[in-house]
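File shown: start_4.txt (compact mmCIF, C-alpha atoms and all ligand atoms).
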```
# COMPACT_ATOMS: atom_id res chain seq x y z
CA MET A 1 166.63 -112.65 22.67
CA GLN A 2 168.76 -115.56 23.85
CA CYS A 3 167.43 -118.40 25.96
CA LEU A 4 168.40 -117.88 29.59
CA ARG A 5 169.20 -121.55 30.06
CA CYS A 6 170.96 -122.77 26.88
CA ARG A 7 171.77 -119.39 25.24
CA SER A 8 170.18 -120.45 21.98
CA GLU A 9 168.98 -117.51 19.92
CA ASP A 10 166.10 -119.57 18.59
CA THR A 11 163.31 -118.39 20.90
CA ARG A 12 159.77 -117.31 20.13
CA VAL A 13 157.07 -115.21 21.75
CA ILE A 14 154.09 -117.20 23.01
CA ASP A 15 152.20 -114.45 24.83
CA THR A 16 152.24 -110.64 24.81
CA ARG A 17 150.63 -108.49 27.47
CA MET A 18 150.35 -104.77 28.00
CA GLY A 19 151.66 -103.65 31.39
CA VAL A 20 149.22 -102.17 33.89
CA ASP A 21 150.53 -98.65 33.26
CA GLY A 22 150.07 -98.98 29.48
CA PHE A 23 153.73 -98.08 28.95
CA SER A 24 155.28 -101.50 29.04
CA ILE A 25 154.86 -104.81 27.27
CA LYS A 26 155.52 -108.15 28.87
CA ARG A 27 156.33 -111.06 26.59
CA ARG A 28 156.37 -114.72 27.45
CA ARG A 29 158.95 -116.59 25.40
CA VAL A 30 159.88 -120.20 24.85
CA CYS A 31 163.18 -121.60 23.67
CA ASN A 32 162.78 -123.74 20.57
CA ARG A 33 165.87 -125.78 21.46
CA CYS A 34 165.42 -126.68 25.14
CA GLY A 35 161.83 -125.62 25.80
CA PHE A 36 162.74 -123.23 28.62
CA ARG A 37 160.15 -120.50 29.22
CA PHE A 38 160.95 -116.97 30.38
CA SER A 39 159.52 -113.45 30.29
CA THR A 40 160.87 -110.20 28.93
CA LEU A 41 159.74 -106.67 29.68
CA GLU A 42 159.80 -103.94 27.08
CA THR A 43 159.66 -100.35 28.31
CA PRO A 44 160.26 -97.09 26.43
CA VAL A 45 163.61 -95.36 26.77
CA ARG A 46 163.19 -91.74 27.76
CA GLU A 47 164.43 -89.57 24.91
CA GLU A 48 166.93 -86.94 25.91
CA ILE A 49 165.78 -83.81 24.18
CA THR A 50 167.46 -80.50 24.80
CA VAL A 51 166.50 -76.92 24.13
CA GLU A 52 168.93 -74.29 22.98
CA LYS A 53 168.10 -70.90 24.43
CA ARG A 54 168.59 -67.73 22.47
CA ASP A 55 171.73 -66.94 24.47
CA GLY A 56 173.20 -70.38 23.64
CA ARG A 57 172.50 -72.07 26.96
CA ILE A 58 171.29 -75.68 26.72
CA GLU A 59 168.44 -76.88 28.85
CA GLU A 60 166.58 -80.15 29.18
CA PHE A 61 163.29 -80.19 27.27
CA ASP A 62 160.60 -79.58 29.87
CA ARG A 63 156.92 -80.20 29.10
CA GLN A 64 156.04 -78.44 32.34
CA LYS A 65 157.58 -75.17 31.17
CA ILE A 66 155.47 -75.22 28.03
CA ALA A 67 152.39 -75.96 30.14
CA THR A 68 153.20 -73.06 32.48
CA SER A 69 153.68 -70.56 29.68
CA LEU A 70 150.47 -71.73 27.99
CA ARG A 71 148.52 -71.43 31.22
CA ALA A 72 149.92 -67.95 31.78
CA ALA A 73 148.79 -66.89 28.31
CA LEU A 74 145.36 -68.47 28.73
CA LYS A 75 144.92 -67.04 32.22
CA LYS A 76 143.47 -69.03 35.08
CA GLY A 77 139.82 -69.92 34.88
CA ASP A 78 139.42 -69.04 31.24
CA HIS A 79 139.68 -72.63 30.16
CA GLN A 80 139.17 -76.07 31.52
CA ARG A 81 142.25 -77.80 32.77
CA ASP A 82 141.94 -80.79 30.46
CA ARG A 83 141.63 -78.55 27.41
CA VAL A 84 144.86 -76.80 28.38
CA GLU A 85 146.51 -80.19 28.86
CA ALA A 86 145.30 -81.24 25.41
CA LEU A 87 146.82 -78.07 24.01
CA VAL A 88 150.15 -78.83 25.68
CA ASP A 89 149.99 -82.34 24.21
CA THR A 90 149.45 -80.87 20.74
CA VAL A 91 152.43 -78.54 21.12
CA VAL A 92 154.71 -81.29 22.45
CA ALA A 93 153.60 -83.77 19.76
CA ARG A 94 154.35 -81.25 17.03
CA LEU A 95 157.73 -80.39 18.50
CA LEU A 96 158.76 -84.02 18.78
CA SER A 97 157.21 -85.24 15.53
CA ASP A 98 160.30 -84.84 13.37
CA GLY A 99 162.52 -86.64 15.85
CA LYS A 100 164.93 -83.78 16.51
CA LYS A 101 167.12 -84.13 19.57
CA ARG A 102 167.66 -80.42 19.95
CA LEU A 103 165.11 -77.66 19.63
CA ALA A 104 165.66 -73.93 19.57
CA SER A 105 163.60 -72.01 22.11
CA ALA A 106 162.36 -69.82 19.24
CA GLU A 107 161.00 -72.93 17.50
CA ILE A 108 158.99 -73.82 20.60
CA GLY A 109 157.58 -70.30 20.75
CA ILE A 110 156.49 -70.45 17.13
CA VAL A 111 154.69 -73.77 17.58
CA VAL A 112 152.97 -72.51 20.76
CA LEU A 113 151.86 -69.38 18.89
CA ASP A 114 150.55 -71.40 15.99
CA VAL A 115 148.55 -73.71 18.27
CA LEU A 116 147.20 -70.81 20.33
CA LYS A 117 146.16 -68.89 17.25
CA ASN A 118 143.56 -71.52 16.41
CA PHE A 119 142.43 -71.86 20.01
CA ASP A 120 142.14 -68.47 21.65
CA GLU A 121 142.97 -65.19 19.97
CA LEU A 122 143.45 -63.23 23.19
CA ALA A 123 145.82 -65.85 24.59
CA TYR A 124 147.66 -65.80 21.28
CA LEU A 125 148.18 -62.04 21.54
CA ARG A 126 149.26 -62.29 25.18
CA TYR A 127 151.79 -64.97 24.35
CA LEU A 128 153.04 -63.02 21.34
CA THR A 129 153.68 -59.96 23.51
CA VAL A 130 155.68 -61.97 26.03
CA TYR A 131 157.49 -63.84 23.26
CA GLN A 132 158.52 -60.62 21.52
CA SER A 133 159.62 -58.91 24.73
CA PHE A 134 161.86 -61.86 25.53
CA ALA A 135 163.22 -61.81 22.01
CA ASN A 136 164.09 -58.15 22.40
CA LEU A 137 165.59 -58.69 25.84
CA ASP A 138 167.85 -61.40 24.42
CA ASP A 139 168.85 -59.17 21.52
CA PHE A 140 169.60 -56.48 24.04
CA LYS A 141 171.75 -58.85 26.10
CA ASN A 142 173.55 -60.03 22.97
CA GLN A 143 174.32 -56.45 22.04
CA ILE A 144 175.84 -55.87 25.47
CA LEU A 145 177.87 -59.06 25.21
CA LYS A 146 179.15 -58.09 21.77
CA SER A 147 180.18 -54.63 22.95
CA GLU A 148 181.93 -56.19 25.96
CA VAL A 149 183.93 -58.44 23.67
CA LYS A 150 185.06 -55.47 21.59
CA THR A 151 186.32 -53.40 24.50
ZN ZN A 201 167.10 -122.99 25.60
```

Would you kindly transcribe this structure into structure tokens?
Amino acid sequence: MQCLRCRSEDTRVIDTRMGVDGFSIKRRRVCNRCGFRFSTLETPVREEITVEKRDGRIEEFDRQKIATSLRAALKKGDHQRDRVEALVDTVVARLLSDGKKRLASAEIGIVVLDVLKNFDELAYLRYLTVYQSFANLDDFKNQILKSEVKT
């Protein structure tokens, strides 16, 4: 980081503080050449992650959608809200752990199933039923599309 006054690249950090939200870091720096002091703010860049649907459409990765489908499988009232949130966190963390920028919707389903399996067997079976019916519906649509191309 260059000095704002003399543009020297020889600056050092003299103080580091976590931002109030916990998602930013403020650093106090001093220029070793002219002694000028200034602050920098480091914040995370939001990763653009996309999801490829079975029919080839691309959507933005949406944590909320995963949460909704998990809640639907778990059914209202069966579980405490924070436990469901923790489950969503587990799914999202696993999906993002290998740093992929694009996920297939089928991949998401598999991770959700795997996490649910160890959490609630009934919810697992509910999700599996929905997951399979969607898979079949997409296959069905693909078949129609293929036959349309032929004719
Ligand atoms: Zn300077």

Could you tell me how far atom CA of Tyr127 of chain A lies from atom CA of Gly99 of chain A, in Å and to one decimal? 25.6 Å

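Remark: for Arg28 of chain A, the closest of the candidate residues A:Ala93, A:Leu41, A:Val112, A:Ile14 is A:Ile14 (distances computed over only C-alpha atoms).
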
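As for atom CA of Glu42 of chain A and atom CA of Arg102 of chain A, they are spaced 25.8 Å apart.
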
If you count all atoms listed in the file, which residues end up within 9 Å of ligand ZN 201 (chain A), as JSON, numbers by chain? {"A": [2, 3, 4, 5, 6, 7, 8, 9, 10, 11, 30, 31, 32, 33, 34, 35, 36, 37]}

If I wrap all listed atoms of segment 34-48 of chain A in a box with edges along x, y and z and add 3 Å on each side, what are its centre and edge lengths in Å to one decimal, as AutoDock Vina command-line options?
```
--center_x 163.2 --center_y -106.8 --center_z 27.6 --size_x 13.4 --size_y 45.7 --size_z 11.5
```

Point-to-point distance in Å for atom CA of Gly109 of chain A and atom CA of Gln132 of chain A: 9.8 Å

Nearby residues (all atoms listed in the file) at most 9 Å from Ile66 of chain A, same-chain spacing under 2 positions excluded, as a compact mmCIF listing (two decimals) with C-alpha atoms, keeping the file's coordinate frame:
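Once everything was written out, this is part01.txt:
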```
# COMPACT_ATOMS: atom_id res chain seq x y z
CA ASP A 62 160.60 -79.58 29.87
CA ARG A 63 156.92 -80.20 29.10
CA GLN A 64 156.04 -78.44 32.34
CA THR A 68 153.20 -73.06 32.48
CA SER A 69 153.68 -70.56 29.68
CA LEU A 70 150.47 -71.73 27.99
CA ARG A 71 148.52 -71.43 31.22
CA VAL A 88 150.15 -78.83 25.68
CA VAL A 91 152.43 -78.54 21.12
CA VAL A 92 154.71 -81.29 22.45
CA ILE A 108 158.99 -73.82 20.60
CA VAL A 112 152.97 -72.51 20.76
```

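Among the candidates A:Arg12, A:Arg126, A:Arg17, A:Arg57, the residue lying nearest to Ala73 of chain A is A:Arg126 (atoms considered: all atoms listed in the file).
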
For Asp15 of chain A, which of A:Met1, A:Ser39, A:Val84, A:Ile58 is the closest residue, counting all atoms listed in the file?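 Among A:Met1, A:Ser39, A:Val84, A:Ile58, it is A:Ser39 that comes nearest to Asp15 of chain A.
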
If you count all atoms listed in the file, which residues fall within 10 Å of Lys100 of chain A, apart from same-chain ones fewer than 5 positions away, as a ChimeraX atom specification? /A:49-50,95

Would you pull segment 96-142 of chain A out of the block just shown and save N, CA and C atoms as a short mmCIF file (atom, residue, chain, number, x, y, z; two decimals), in the first residue's frame?
```cif
data_model
loop_
_atom_site.label_atom_id
_atom_site.label_comp_id
_atom_site.auth_asym_id
_atom_site.auth_seq_id
_atom_site.Cartn_x
_atom_site.Cartn_y
_atom_site.Cartn_z
N LEU A 96 -19.08 -24.85 -0.58
CA LEU A 96 -18.11 -23.84 -0.97
C LEU A 96 -16.68 -24.21 -0.62
N SER A 97 -16.51 -25.35 0.08
CA SER A 97 -15.19 -25.69 0.61
C SER A 97 -14.13 -25.91 -0.46
N ASP A 98 -14.52 -26.43 -1.62
CA ASP A 98 -13.47 -26.68 -2.63
C ASP A 98 -13.28 -25.51 -3.59
N GLY A 99 -13.92 -24.39 -3.29
CA GLY A 99 -13.66 -23.17 -4.04
C GLY A 99 -14.20 -23.13 -5.46
N LYS A 100 -15.15 -24.00 -5.76
CA LYS A 100 -15.75 -24.00 -7.11
C LYS A 100 -16.59 -22.75 -7.32
N LYS A 101 -16.58 -22.26 -8.54
CA LYS A 101 -17.36 -21.06 -8.86
C LYS A 101 -18.72 -21.45 -9.42
N ARG A 102 -18.81 -22.69 -9.89
CA ARG A 102 -20.11 -23.13 -10.40
C ARG A 102 -20.45 -24.50 -9.83
N LEU A 103 -21.68 -24.59 -9.36
CA LEU A 103 -22.15 -25.85 -8.79
C LEU A 103 -23.31 -26.35 -9.63
N ALA A 104 -23.43 -27.67 -9.71
CA ALA A 104 -24.59 -28.23 -10.38
C ALA A 104 -25.69 -28.38 -9.34
N SER A 105 -26.94 -28.17 -9.74
CA SER A 105 -28.03 -28.27 -8.76
C SER A 105 -28.07 -29.67 -8.15
N ALA A 106 -27.70 -30.68 -8.94
CA ALA A 106 -27.68 -32.05 -8.43
C ALA A 106 -26.67 -32.20 -7.29
N GLU A 107 -25.54 -31.52 -7.42
CA GLU A 107 -24.50 -31.54 -6.37
C GLU A 107 -25.06 -31.01 -5.05
N ILE A 108 -25.81 -29.91 -5.15
CA ILE A 108 -26.39 -29.30 -3.96
C ILE A 108 -27.34 -30.29 -3.30
N GLY A 109 -28.18 -30.92 -4.13
CA GLY A 109 -29.13 -31.90 -3.61
C GLY A 109 -28.43 -33.04 -2.87
N ILE A 110 -27.33 -33.50 -3.42
CA ILE A 110 -26.61 -34.62 -2.80
C ILE A 110 -26.03 -34.22 -1.44
N VAL A 111 -25.47 -33.01 -1.38
CA VAL A 111 -24.91 -32.55 -0.10
C VAL A 111 -26.03 -32.37 0.94
N VAL A 112 -27.16 -31.78 0.51
CA VAL A 112 -28.29 -31.61 1.43
C VAL A 112 -28.74 -32.97 1.95
N LEU A 113 -28.86 -33.93 1.05
CA LEU A 113 -29.28 -35.28 1.45
C LEU A 113 -28.32 -35.89 2.45
N ASP A 114 -27.05 -35.72 2.18
CA ASP A 114 -26.03 -36.30 3.05
C ASP A 114 -26.08 -35.70 4.46
N VAL A 115 -26.28 -34.37 4.51
CA VAL A 115 -26.35 -33.68 5.80
C VAL A 115 -27.63 -34.08 6.54
N LEU A 116 -28.73 -34.15 5.80
CA LEU A 116 -30.01 -34.52 6.42
C LEU A 116 -30.01 -35.94 6.96
N LYS A 117 -29.34 -36.81 6.26
CA LYS A 117 -29.30 -38.22 6.62
C LYS A 117 -28.83 -38.42 8.06
N ASN A 118 -27.83 -37.62 8.44
CA ASN A 118 -27.27 -37.73 9.79
C ASN A 118 -28.06 -36.91 10.82
N PHE A 119 -29.06 -36.20 10.35
CA PHE A 119 -29.76 -35.27 11.25
C PHE A 119 -31.18 -35.74 11.55
N ASP A 120 -31.90 -36.12 10.51
CA ASP A 120 -33.31 -36.46 10.68
C ASP A 120 -33.72 -37.38 9.53
N GLU A 121 -33.99 -38.61 9.87
CA GLU A 121 -34.25 -39.61 8.82
C GLU A 121 -35.52 -39.31 8.02
N LEU A 122 -36.54 -38.86 8.73
CA LEU A 122 -37.81 -38.53 8.06
C LEU A 122 -37.63 -37.39 7.07
N ALA A 123 -36.91 -36.36 7.51
CA ALA A 123 -36.65 -35.20 6.66
C ALA A 123 -35.83 -35.64 5.44
N TYR A 124 -34.90 -36.53 5.70
CA TYR A 124 -34.07 -37.08 4.62
C TYR A 124 -34.94 -37.74 3.56
N LEU A 125 -35.89 -38.57 4.01
CA LEU A 125 -36.76 -39.27 3.07
C LEU A 125 -37.68 -38.30 2.32
N ARG A 126 -38.17 -37.29 3.04
CA ARG A 126 -39.02 -36.28 2.40
C ARG A 126 -38.24 -35.56 1.30
N TYR A 127 -37.03 -35.16 1.64
CA TYR A 127 -36.21 -34.42 0.68
C TYR A 127 -35.88 -35.31 -0.52
N LEU A 128 -35.57 -36.56 -0.23
CA LEU A 128 -35.22 -37.51 -1.30
C LEU A 128 -36.37 -37.66 -2.29
N THR A 129 -37.60 -37.74 -1.77
CA THR A 129 -38.78 -37.87 -2.62
C THR A 129 -38.92 -36.67 -3.55
N VAL A 130 -38.77 -35.47 -2.96
CA VAL A 130 -38.89 -34.25 -3.76
C VAL A 130 -37.76 -34.19 -4.79
N TYR A 131 -36.56 -34.50 -4.33
CA TYR A 131 -35.37 -34.48 -5.17
C TYR A 131 -35.54 -35.40 -6.38
N GLN A 132 -36.02 -36.61 -6.12
CA GLN A 132 -36.20 -37.58 -7.21
C GLN A 132 -37.31 -37.17 -8.16
N SER A 133 -38.39 -36.59 -7.62
CA SER A 133 -39.49 -36.19 -8.50
C SER A 133 -39.05 -35.06 -9.43
N PHE A 134 -38.22 -34.16 -8.89
CA PHE A 134 -37.70 -33.08 -9.73
C PHE A 134 -36.76 -33.64 -10.80
N ALA A 135 -35.95 -34.62 -10.39
CA ALA A 135 -35.03 -35.24 -11.32
C ALA A 135 -35.81 -35.85 -12.49
N ASN A 136 -36.89 -36.54 -12.13
CA ASN A 136 -37.70 -37.18 -13.17
C ASN A 136 -38.40 -36.17 -14.06
N LEU A 137 -38.87 -35.09 -13.42
CA LEU A 137 -39.55 -34.03 -14.18
C LEU A 137 -38.59 -33.43 -15.20
N ASP A 138 -37.34 -33.20 -14.77
CA ASP A 138 -36.34 -32.64 -15.67
C ASP A 138 -36.02 -33.61 -16.81
N ASP A 139 -35.91 -34.88 -16.46
CA ASP A 139 -35.67 -35.89 -17.49
C ASP A 139 -36.80 -35.88 -18.50
N PHE A 140 -38.00 -35.77 -17.96
CA PHE A 140 -39.20 -35.73 -18.78
C PHE A 140 -39.15 -34.54 -19.75
N LYS A 141 -38.81 -33.37 -19.17
CA LYS A 141 -38.71 -32.15 -20.00
C LYS A 141 -37.63 -32.31 -21.07
N ASN A 142 -36.49 -32.90 -20.66
CA ASN A 142 -35.41 -33.10 -21.62
C ASN A 142 -35.83 -34.01 -22.77
#
```
